[in-house]
$ cat my_file_7.cif   # mmCIF, C-alpha atoms
data_start
loop_
_atom_site.label_atom_id
_atom_site.label_comp_id
_atom_site.auth_asym_id
_atom_site.auth_seq_id
_atom_site.Cartn_x
_atom_site.Cartn_y
_atom_site.Cartn_z
CA MET A 1 -22.95 -7.01 -19.94
CA GLY A 2 -24.28 -8.83 -22.99
CA GLU A 3 -21.63 -9.76 -25.57
CA SER A 4 -18.90 -8.21 -23.43
CA GLY A 5 -19.79 -10.55 -20.54
CA LEU A 6 -19.77 -13.63 -22.81
CA GLY A 7 -16.37 -12.65 -24.17
CA ILE A 8 -14.93 -12.33 -20.68
CA ASP A 9 -16.40 -15.67 -19.61
CA GLU A 10 -14.87 -17.39 -22.62
CA PHE A 11 -11.55 -15.72 -21.97
CA GLN A 12 -11.55 -16.81 -18.33
CA SER A 13 -12.24 -20.37 -19.46
CA LEU A 14 -9.34 -20.19 -21.92
CA VAL A 15 -6.97 -19.02 -19.17
CA ARG A 16 -8.08 -21.81 -16.83
CA ASP A 17 -7.54 -24.39 -19.59
CA THR A 18 -4.08 -22.94 -20.28
CA ILE A 19 -3.09 -23.23 -16.63
CA ARG A 20 -4.25 -26.87 -16.47
CA LEU A 21 -2.49 -27.70 -19.72
CA PHE A 22 0.89 -26.37 -18.58
CA GLN A 23 0.89 -27.14 -14.86
CA GLN A 24 3.15 -30.17 -15.37
CA ASP A 25 5.24 -29.10 -18.34
CA ARG A 26 5.81 -25.40 -18.99
CA THR A 27 8.21 -25.94 -21.88
CA ASN A 28 6.19 -23.92 -24.39
CA LEU A 29 4.02 -21.86 -22.04
CA SER A 30 5.28 -18.47 -23.23
CA GLY A 31 4.83 -19.48 -26.87
CA TYR A 32 1.28 -20.66 -26.24
CA VAL A 33 0.41 -17.52 -24.31
CA GLY A 34 1.79 -15.34 -27.10
CA GLY A 35 0.06 -17.26 -29.87
CA VAL A 36 -3.27 -18.14 -28.28
CA VAL A 37 -3.99 -16.17 -25.10
CA LEU A 38 -2.82 -12.70 -26.14
CA PRO A 39 -5.02 -12.44 -29.26
CA ARG A 40 -8.06 -13.27 -27.15
CA LEU A 41 -6.92 -10.84 -24.46
CA GLU A 42 -6.78 -8.12 -27.10
CA ASP A 43 -10.36 -8.87 -28.18
CA VAL A 44 -11.67 -8.65 -24.60
CA LEU A 45 -9.74 -5.50 -23.73
CA LYS A 46 -10.87 -3.72 -26.88
CA GLN A 47 -14.44 -4.08 -25.68
CA ILE A 48 -13.65 -2.99 -22.12
CA SER A 49 -11.49 -0.13 -23.39
CA SER A 50 -14.46 1.07 -25.44
CA GLU A 51 -16.64 1.03 -22.32
CA ILE A 52 -14.05 3.01 -20.35
CA ASP A 53 -13.59 5.42 -23.24
CA TYR A 54 -17.30 6.24 -23.08
CA LEU A 55 -16.81 7.64 -19.57
CA HIS A 56 -14.61 10.35 -21.10
CA HIS A 57 -16.96 11.56 -23.82
CA LEU A 58 -17.78 15.25 -23.96
CA ASP A 59 -21.33 16.49 -24.34
CA SER A 60 -21.79 17.45 -27.95
CA GLY A 61 -24.43 20.07 -27.08
CA SER A 62 -25.28 22.14 -30.12
CA GLY A 63 -22.41 20.66 -32.09
CA THR A 64 -20.18 23.69 -31.54
CA ASN A 65 -17.54 22.74 -29.03
CA TYR A 66 -15.30 25.63 -28.07
CA VAL A 67 -12.15 24.70 -26.19
CA VAL A 68 -9.05 26.69 -25.29
CA HIS A 69 -5.41 26.02 -26.02
CA TYR A 70 -2.53 28.07 -24.58
CA THR A 71 0.54 28.30 -26.74
CA SER A 72 3.34 30.59 -27.91
CA ILE A 73 3.03 33.66 -30.11
CA ASP A 74 5.42 31.98 -32.55
CA THR A 75 3.05 29.03 -32.96
CA VAL A 76 0.12 31.27 -33.83
CA ILE A 77 2.20 33.29 -36.30
CA SER A 78 3.33 30.07 -37.99
CA LEU A 79 -0.27 28.81 -38.21
CA LEU A 80 -1.53 32.00 -39.82
CA GLU A 81 1.45 32.38 -42.17
CA ASN A 82 1.18 28.80 -43.38
CA ALA A 83 -2.57 29.10 -43.85
CA SER A 84 -2.15 32.29 -45.89
CA GLN A 85 0.37 30.53 -48.14
CA GLY A 86 -1.76 27.42 -48.61
CA LYS A 87 0.61 25.28 -46.54
CA PRO A 88 -0.42 22.73 -43.87
CA ALA A 89 -1.34 24.61 -40.70
CA SER A 90 -2.39 22.67 -37.64
CA LEU A 91 -1.75 22.32 -33.94
CA ARG A 92 0.58 19.46 -33.15
CA LEU A 93 0.00 16.38 -31.04
CA TYR A 94 3.30 15.99 -29.21
CA ASP A 95 4.70 12.74 -27.88
CA SER A 96 3.85 11.96 -24.25
CA VAL A 97 7.43 10.86 -23.59
CA HIS A 98 8.52 14.43 -22.90
CA PHE A 99 5.53 15.63 -20.87
CA ASN A 100 6.10 17.34 -17.51
CA ASP A 101 3.92 14.93 -15.53
CA PRO A 102 6.10 11.93 -14.57
CA GLU A 103 2.95 9.82 -14.11
CA GLU A 104 1.82 10.40 -17.70
CA GLY A 105 0.23 7.16 -18.91
CA ASN A 106 0.90 5.44 -15.56
CA TYR A 107 -1.67 6.90 -13.18
CA LEU A 108 -4.30 4.26 -13.87
CA SER A 109 -1.87 1.40 -13.25
CA ALA A 110 -0.60 3.09 -10.08
CA CYS A 111 -4.14 2.90 -8.68
CA LEU A 112 -4.34 -0.88 -9.01
CA PRO A 113 -4.94 -2.81 -5.77
CA GLN A 114 -1.93 -4.64 -4.40
CA LYS A 115 -3.32 -8.03 -5.46
CA HIS A 116 -2.95 -6.94 -9.07
CA GLY A 117 0.69 -6.05 -8.64
CA TRP A 118 1.59 -8.59 -11.32
CA ALA A 119 0.46 -6.02 -13.91
CA LEU A 120 2.88 -3.34 -12.73
CA HIS A 121 6.52 -2.65 -13.59
CA THR A 122 6.10 -2.29 -17.32
CA GLU A 123 7.55 0.43 -19.48
CA PRO A 124 4.69 2.34 -21.11
CA SER A 125 4.71 3.09 -24.78
CA HIS A 126 3.64 6.55 -25.81
CA ALA A 127 0.83 8.50 -27.37
CA TYR A 128 0.52 11.73 -29.30
CA VAL A 129 -1.52 14.27 -27.36
CA ALA A 130 -3.01 17.72 -27.91
CA SER A 131 -4.45 19.29 -24.77
CA PHE A 132 -7.29 21.77 -24.41
CA ILE A 133 -9.14 23.42 -21.54
CA ILE A 134 -12.88 22.92 -21.19
CA PRO A 135 -14.67 26.22 -20.48
CA ASP A 136 -16.58 26.36 -17.20
CA ALA A 137 -20.11 27.18 -18.37
CA LYS A 138 -21.48 27.18 -14.82
CA ASN A 139 -19.21 30.07 -13.81
CA LYS A 140 -19.31 31.70 -17.27
CA ASP A 141 -15.56 31.24 -17.61
CA ASP A 142 -14.42 30.40 -21.13
CA ALA A 143 -10.85 29.86 -19.82
CA SER A 144 -9.24 31.93 -22.57
CA ASN A 145 -8.08 34.70 -20.21
CA SER A 146 -7.18 33.09 -16.91
CA LEU A 147 -4.25 34.25 -14.80
CA MET A 148 -3.75 30.71 -13.54
CA PHE A 149 -3.44 29.37 -17.07
CA TRP A 150 -1.29 32.29 -18.21
CA ARG A 151 1.17 31.42 -15.48
CA THR A 152 1.16 27.66 -16.03
CA TYR A 153 0.70 27.22 -19.79
CA GLY A 154 0.82 30.70 -21.30
CA GLN A 155 4.57 31.24 -20.96
CA GLU A 156 4.13 33.38 -17.85
CA GLY A 157 1.86 35.71 -19.75
CA LEU A 158 4.13 36.04 -22.79
CA GLY A 159 2.13 33.61 -24.93
CA CYS A 160 -1.43 33.61 -26.18
CA SER A 161 -4.58 31.54 -25.98
CA LEU A 162 -6.68 30.15 -28.81
CA ARG A 163 -10.43 29.75 -28.45
CA VAL A 164 -11.28 27.27 -31.19
CA ASN A 165 -13.80 24.64 -32.16
CA VAL A 166 -12.75 20.97 -32.12
CA ALA A 167 -15.18 18.16 -32.88
CA SER A 168 -16.36 16.69 -29.57
CA SER A 169 -16.23 13.24 -31.16
CA GLN A 170 -12.43 13.57 -31.25
CA LEU A 171 -11.95 14.92 -27.73
CA ARG A 172 -11.89 13.00 -24.47
CA ARG A 173 -12.28 14.44 -21.00
CA VAL A 174 -9.41 13.81 -18.58
CA LEU A 175 -10.62 12.41 -15.24
CA TYR A 176 -8.76 13.17 -12.04
CA GLY A 177 -8.10 11.20 -8.89
CA LYS A 178 -8.45 7.67 -7.57
CA ARG A 179 -12.25 7.66 -7.48
CA HIS A 180 -12.46 7.90 -11.26
CA ALA A 181 -9.55 5.50 -11.78
CA GLN A 182 -11.32 2.91 -9.65
CA ARG A 183 -14.37 3.04 -11.93
CA ALA A 184 -12.15 1.91 -14.79
CA ILE A 185 -10.39 -0.70 -12.66
CA VAL A 186 -13.75 -2.23 -11.69
CA LYS A 187 -14.40 -2.87 -15.38
CA LEU A 188 -10.92 -4.38 -15.77
CA ARG A 189 -11.09 -6.51 -12.61
CA PRO A 190 -12.48 -9.73 -14.21
CA VAL A 191 -9.56 -9.80 -16.65
CA LEU A 192 -6.99 -8.87 -13.99
CA ASP A 193 -8.28 -11.59 -11.67
CA SER A 194 -8.30 -14.28 -14.34
CA LEU A 195 -4.74 -13.49 -15.50
CA LYS A 196 -3.18 -13.40 -12.03
CA PRO A 197 -2.61 -17.18 -11.63
CA LEU A 198 -1.28 -17.45 -15.19
CA ALA A 199 1.07 -14.51 -14.65
CA SER A 200 2.46 -16.16 -11.50
CA MET A 201 3.53 -19.30 -13.35
CA GLN A 202 6.55 -17.80 -15.11
CA GLU A 203 8.28 -14.40 -15.02
CA ASP A 204 8.56 -14.06 -18.79
CA VAL A 205 4.84 -14.79 -19.07
CA ARG A 206 4.06 -12.18 -16.39
CA GLN A 207 6.09 -9.58 -18.27
CA MET A 208 4.40 -10.49 -21.53
CA LEU A 209 0.90 -10.30 -20.07
CA ALA A 210 1.55 -7.08 -18.13
CA SER A 211 3.06 -5.36 -21.14
CA GLN A 212 0.28 -6.36 -23.54
CA PHE A 213 -2.46 -5.68 -20.99
CA TRP A 214 -1.59 -1.97 -20.98
CA GLU A 215 -0.78 -1.83 -24.69
CA TYR A 216 -4.24 -3.14 -25.54
CA LEU A 217 -5.88 -0.41 -23.45
CA GLY A 218 -4.40 2.17 -25.82
CA ARG A 219 -5.33 5.78 -25.31
CA VAL A 220 -7.50 5.42 -22.17
CA ARG A 221 -4.29 5.23 -20.12
CA TYR A 222 -3.66 8.86 -21.03
CA LEU A 223 -7.04 10.07 -19.78
CA TYR A 224 -6.37 9.72 -16.03
CA LYS A 225 -4.32 12.07 -13.90
CA SER A 226 -3.72 12.90 -10.25
CA GLU A 227 -6.15 15.15 -8.40
CA ALA A 228 -3.31 17.69 -8.22
CA TYR A 229 -4.07 18.54 -11.86
CA GLN A 230 -7.84 18.85 -11.48
CA TYR A 231 -7.76 22.62 -11.93
CA GLU A 232 -6.79 22.09 -15.57
CA ARG A 233 -10.27 20.95 -16.71
CA GLU A 234 -8.42 19.25 -19.52
CA CYS A 235 -9.68 17.41 -22.54
CA ARG A 236 -7.42 15.73 -25.04
CA LEU A 237 -7.16 14.52 -28.57
CA VAL A 238 -5.07 11.36 -28.23
CA VAL A 239 -3.57 9.21 -30.96
CA TYR A 240 -1.97 6.08 -29.56
CA PHE A 241 1.44 5.32 -31.06
CA SER A 242 0.26 2.11 -32.74
CA ASP A 243 -2.53 4.03 -34.49
CA ALA A 244 -0.14 6.60 -35.95
CA GLN A 245 1.36 5.79 -39.35
CA PRO A 246 5.18 6.09 -39.29
CA LYS A 247 5.05 8.24 -42.43
CA ASP A 248 2.94 10.79 -40.53
CA ILE A 249 5.39 11.22 -37.63
CA CYS A 250 7.41 14.44 -37.75
CA PHE A 251 10.42 15.49 -35.72
CA GLU A 252 11.47 18.68 -33.99
CA ARG A 253 15.02 19.35 -32.77
CA LYS A 254 15.92 21.83 -30.05
CA LEU A 255 19.35 22.69 -28.69
CA ILE A 256 19.25 22.59 -24.87
CA GLY A 257 22.85 23.57 -24.07
CA ASP A 258 26.21 21.82 -23.92
CA GLY A 259 25.68 20.67 -27.47
CA ARG A 260 22.79 18.42 -26.44
CA VAL A 261 19.77 18.07 -28.69
CA LEU A 262 16.22 17.39 -27.53
CA LEU A 263 14.43 15.41 -30.23
CA ARG A 264 10.66 15.50 -29.95
CA HIS A 265 8.25 13.81 -32.29
CA TYR A 266 4.73 14.84 -33.12
CA HIS A 267 1.69 13.94 -35.15
CA GLU A 268 -0.72 16.19 -37.02
CA HIS A 269 -4.46 15.58 -37.13
CA ASN A 270 -6.93 16.86 -39.69
CA ASP A 271 -9.37 18.10 -37.02
CA LEU A 272 -6.67 20.40 -35.65
CA THR A 273 -6.01 22.28 -38.88
CA ILE A 274 -6.67 25.99 -38.55
CA GLN A 275 -9.26 25.74 -41.33
CA ASN A 276 -11.29 23.20 -39.32
CA MET A 277 -10.78 24.70 -35.85
CA VAL A 278 -11.46 28.35 -36.61
CA VAL A 279 -15.18 29.05 -36.89
CA SER A 280 -17.32 32.07 -36.07
CA GLY A 281 -16.57 33.05 -32.46
CA SER A 282 -12.97 31.87 -32.47
CA ARG A 283 -10.48 34.16 -30.79
CA ILE A 284 -6.80 34.81 -30.18
CA THR A 285 -6.06 36.43 -26.81
CA ILE A 286 -2.60 37.93 -26.35
CA GLY A 287 -1.01 37.38 -22.94
CA PRO A 288 -0.88 40.11 -20.28
CA CYS A 289 2.92 40.37 -20.29
CA VAL A 290 3.46 40.90 -24.02
CA SER A 291 5.14 44.32 -24.19
CA ASP A 292 4.19 45.26 -27.76
CA ALA A 293 0.62 43.92 -27.57
CA THR A 294 -0.99 46.71 -29.61
CA ASP A 295 1.39 46.26 -32.53
CA LEU A 296 1.16 42.47 -32.23
CA CYS A 297 -2.64 42.66 -32.43
CA ARG A 298 -2.42 44.64 -35.66
CA SER A 299 0.14 42.24 -37.11
CA LEU A 300 -1.92 39.16 -36.24
CA GLU A 301 -4.99 40.79 -37.80
CA ILE A 302 -3.06 41.30 -41.05
CA LEU A 303 -1.97 37.65 -41.04
CA ARG A 304 -5.51 36.58 -40.18
CA ASP A 305 -6.93 38.55 -43.11
CA ARG A 306 -4.35 37.08 -45.49
CA ALA A 307 -5.44 33.61 -44.35
CA GLY A 308 -9.05 34.46 -45.19
CA LEU A 309 -10.24 34.17 -41.59
CA THR A 310 -11.39 37.74 -40.98
CA ALA A 311 -15.02 36.88 -40.21
CA GLN A 312 -14.27 33.87 -38.04
CA LEU A 313 -11.33 34.98 -35.89
CA SER A 314 -10.98 37.96 -33.58
CA VAL A 315 -7.77 39.16 -31.91
CA THR A 316 -7.77 40.72 -28.46
CA ARG A 317 -5.52 41.50 -25.48
CA SER A 318 -5.71 39.97 -22.03
CA GLY A 319 -6.04 43.12 -19.94
CA ILE A 320 -5.23 41.25 -16.72
CA PRO A 321 -2.79 43.31 -14.60
CA TYR A 322 0.15 40.94 -14.18
CA ARG A 323 3.87 41.57 -14.06
CA ARG A 324 6.62 39.00 -14.37
CA PHE A 325 9.57 39.23 -11.97
#
$ encode --input "my_file_7.cif" --output "structure tokens"
Amino acid sequence: MGESGLGIDEFQSLVRDTIRLFQQDRTNLSGYVGGVVLPRLEDVLKQISSEIDYLHHLDSGSGTNYVVHYTSIDTVISLLENASQGKPASLRLYDSVHFNDPEEGNYLSACLPQKHGWALHTEPSHAYVASFIIPDAKNKDDASNSLMFWRTYGQEGLGCSLRVNVASSQLRRVLYGKRHAQRAIVKLRPVLDSLKPLASMQEDVRQMLASQFWEYLGRVRYLYKSEAYQYERECRLVVYFSDAQPKDICFERKLIGDGRVLLRHYHEHNDLTIQNMVVSGSRITIGPCVSDATDLCRSLEILRDRAGLTAQLSVTRSGIPYRRF
């Protein structure tokens, strides 16, 4: 593994020396681990994380990377109105804390073998995520007008889909199921094995190591999901919470009944501005259950023209026969 292998060897030696040093007197073990071991652990995991991240790269192809995002009509109207007025207009990366999947950020750790159980039972931090669907070129399905996606992500057909271009360098493919998770775990195994005896020496040290182990892996934790979600063909733009500047975090409040307020936070990314995403061939598709689709098409075309996107962005209707009950 070249430099990566040397780094791991040196780290394993450091851990062995730490164990020998504190076998008799553990008075300052946690302080030593925090001050000496963790910085080296971060260095090693940055390299391994980069190797795992490579497994999720999308093919750049011709450089034009169309992906599909299902959203609400209100979101699209806001994007076009803001763009026409010269205001910031971009899709949002929402916090993973409020995602529907309860395993979000935890699937990779859940696939660890039992012998690495010391690394479990940690509260994950969060990331800011924007999700897209990868078109299925083999079956000539661009995913922008799919009944399955209308029902799951298109507000039961009352929303719309956006076919846009996002730089492939920013997107990462989500991998599904234990087989893919194990490929990542194999790369992590030397570090997991070397830390196990150190983690067993003291509970506060175990908690410290387990917590930082997953923190140092950053966004790759959010690129693995259960096989149950494989139909999504998802790719993501992920900004890990520690990479997001506090000044760039925005908040959205929503009343959810009984006076309760749901507070979500989100991040905006330059590659997801409407000016950068909308290129020739981009398209808005209105959902099959929108009752005033013809009038909405005309209205969106007016907003599109005001935003100066006439040549790049078309507006169409789904046409799929689907009725909500």
$ atom_distance --input "my_file_7.cif" --atom1 "CA of Ser242 (chain A)" --atom2 "CA of Tyr66 (chain A)"
28.6 Å
$ resolve_selection --input "my_file_7.cif" --expression "the PyMOL selection byres ((chain A and resi 208-224) around 6)" --output "count of residues only"
13
$ closest_residue --input "my_file_7.cif" --among "A:Glu227, A:Asp271, A:Asp193, A:Glu203" --to "Lys178 (chain A)" --atoms "only C-alpha atoms"
A:Glu227
$ residues_around --input "my_file_7.cif" --residues "Val97 (chain A)" --least-positions-apart "4" --cutoff "10 Å" --atoms "all atoms listed in the file" --output "list in words"
Asp101, Pro102, Glu104, Gly105, Pro124, Ser125, His126, Ala127, Tyr128, Arg264 and His265 of chain A
$ write_last_selection --input "my_file_7.cif" --atoms "C-alpha atoms" --output "JSON list (two decimals), in the coordinates of the input"
[["chain", "number", "residue", "atom", "x", "y", "z"],
["A", 101, "ASP", "CA", 3.92, 14.93, -15.53],
["A", 102, "PRO", "CA", 6.10, 11.93, -14.57],
["A", 104, "GLU", "CA", 1.82, 10.40, -17.70],
["A", 105, "GLY", "CA", 0.23, 7.16, -18.91],
["A", 124, "PRO", "CA", 4.69, 2.34, -21.11],
["A", 125, "SER", "CA", 4.71, 3.09, -24.78],
["A", 126, "HIS", "CA", 3.64, 6.55, -25.81],
["A", 127, "ALA", "CA", 0.83, 8.50, -27.37],
["A", 128, "TYR", "CA", 0.52, 11.73, -29.30],
["A", 264, "ARG", "CA", 10.66, 15.50, -29.95],
["A", 265, "HIS", "CA", 8.25, 13.81, -32.29]]
$ residues_near_point --input "my_file_7.cif" --point "(3.3, 9.5, -38.8)" --cutoff "12 Å" --atoms "only C-alpha atoms" --output "VMD selection string"
chain A and resid 92 to 95 127 to 128 239 to 251 265 to 269
$ resolve_selection --input "my_file_7.cif" --expression "the PyMOL selection byres ((chain A and resi 165) around 7)" --output "PyMOL selection string"
chain A and resi 64-67+164+166-167+277-279
$ resolve_selection --input "my_file_7.cif" --expression "the PyMOL selection byres ((chain A and resi 15-19) around 9)" --output "PyMOL selection string"
chain A and resi 10-14+20-23+29+32-33+37+194-195+197-198+201
$ closest_residue --input "my_file_7.cif" --among "A:Ser169, A:Asn100, A:Ser161, A:Ser282" --to "Arg236 (chain A)" --atoms "all atoms listed in the file"
A:Ser169
$ atom_distance --input "my_file_7.cif" --atom1 "CA of Gly159 (chain A)" --atom2 "CA of Ile73 (chain A)"
5.3 Å
$ atom_distance --input "my_file_7.cif" --atom1 "CA of Gln170 (chain A)" --atom2 "CA of Leu58 (chain A)"
9.2 Å
$ residues_around --input "my_file_7.cif" --residues "Ser90 (chain A)" --least-positions-apart "6" --cutoff "7 Å" --atoms "all atoms listed in the file" --output "ChimeraX atom specification"
/A:79,268,272-274
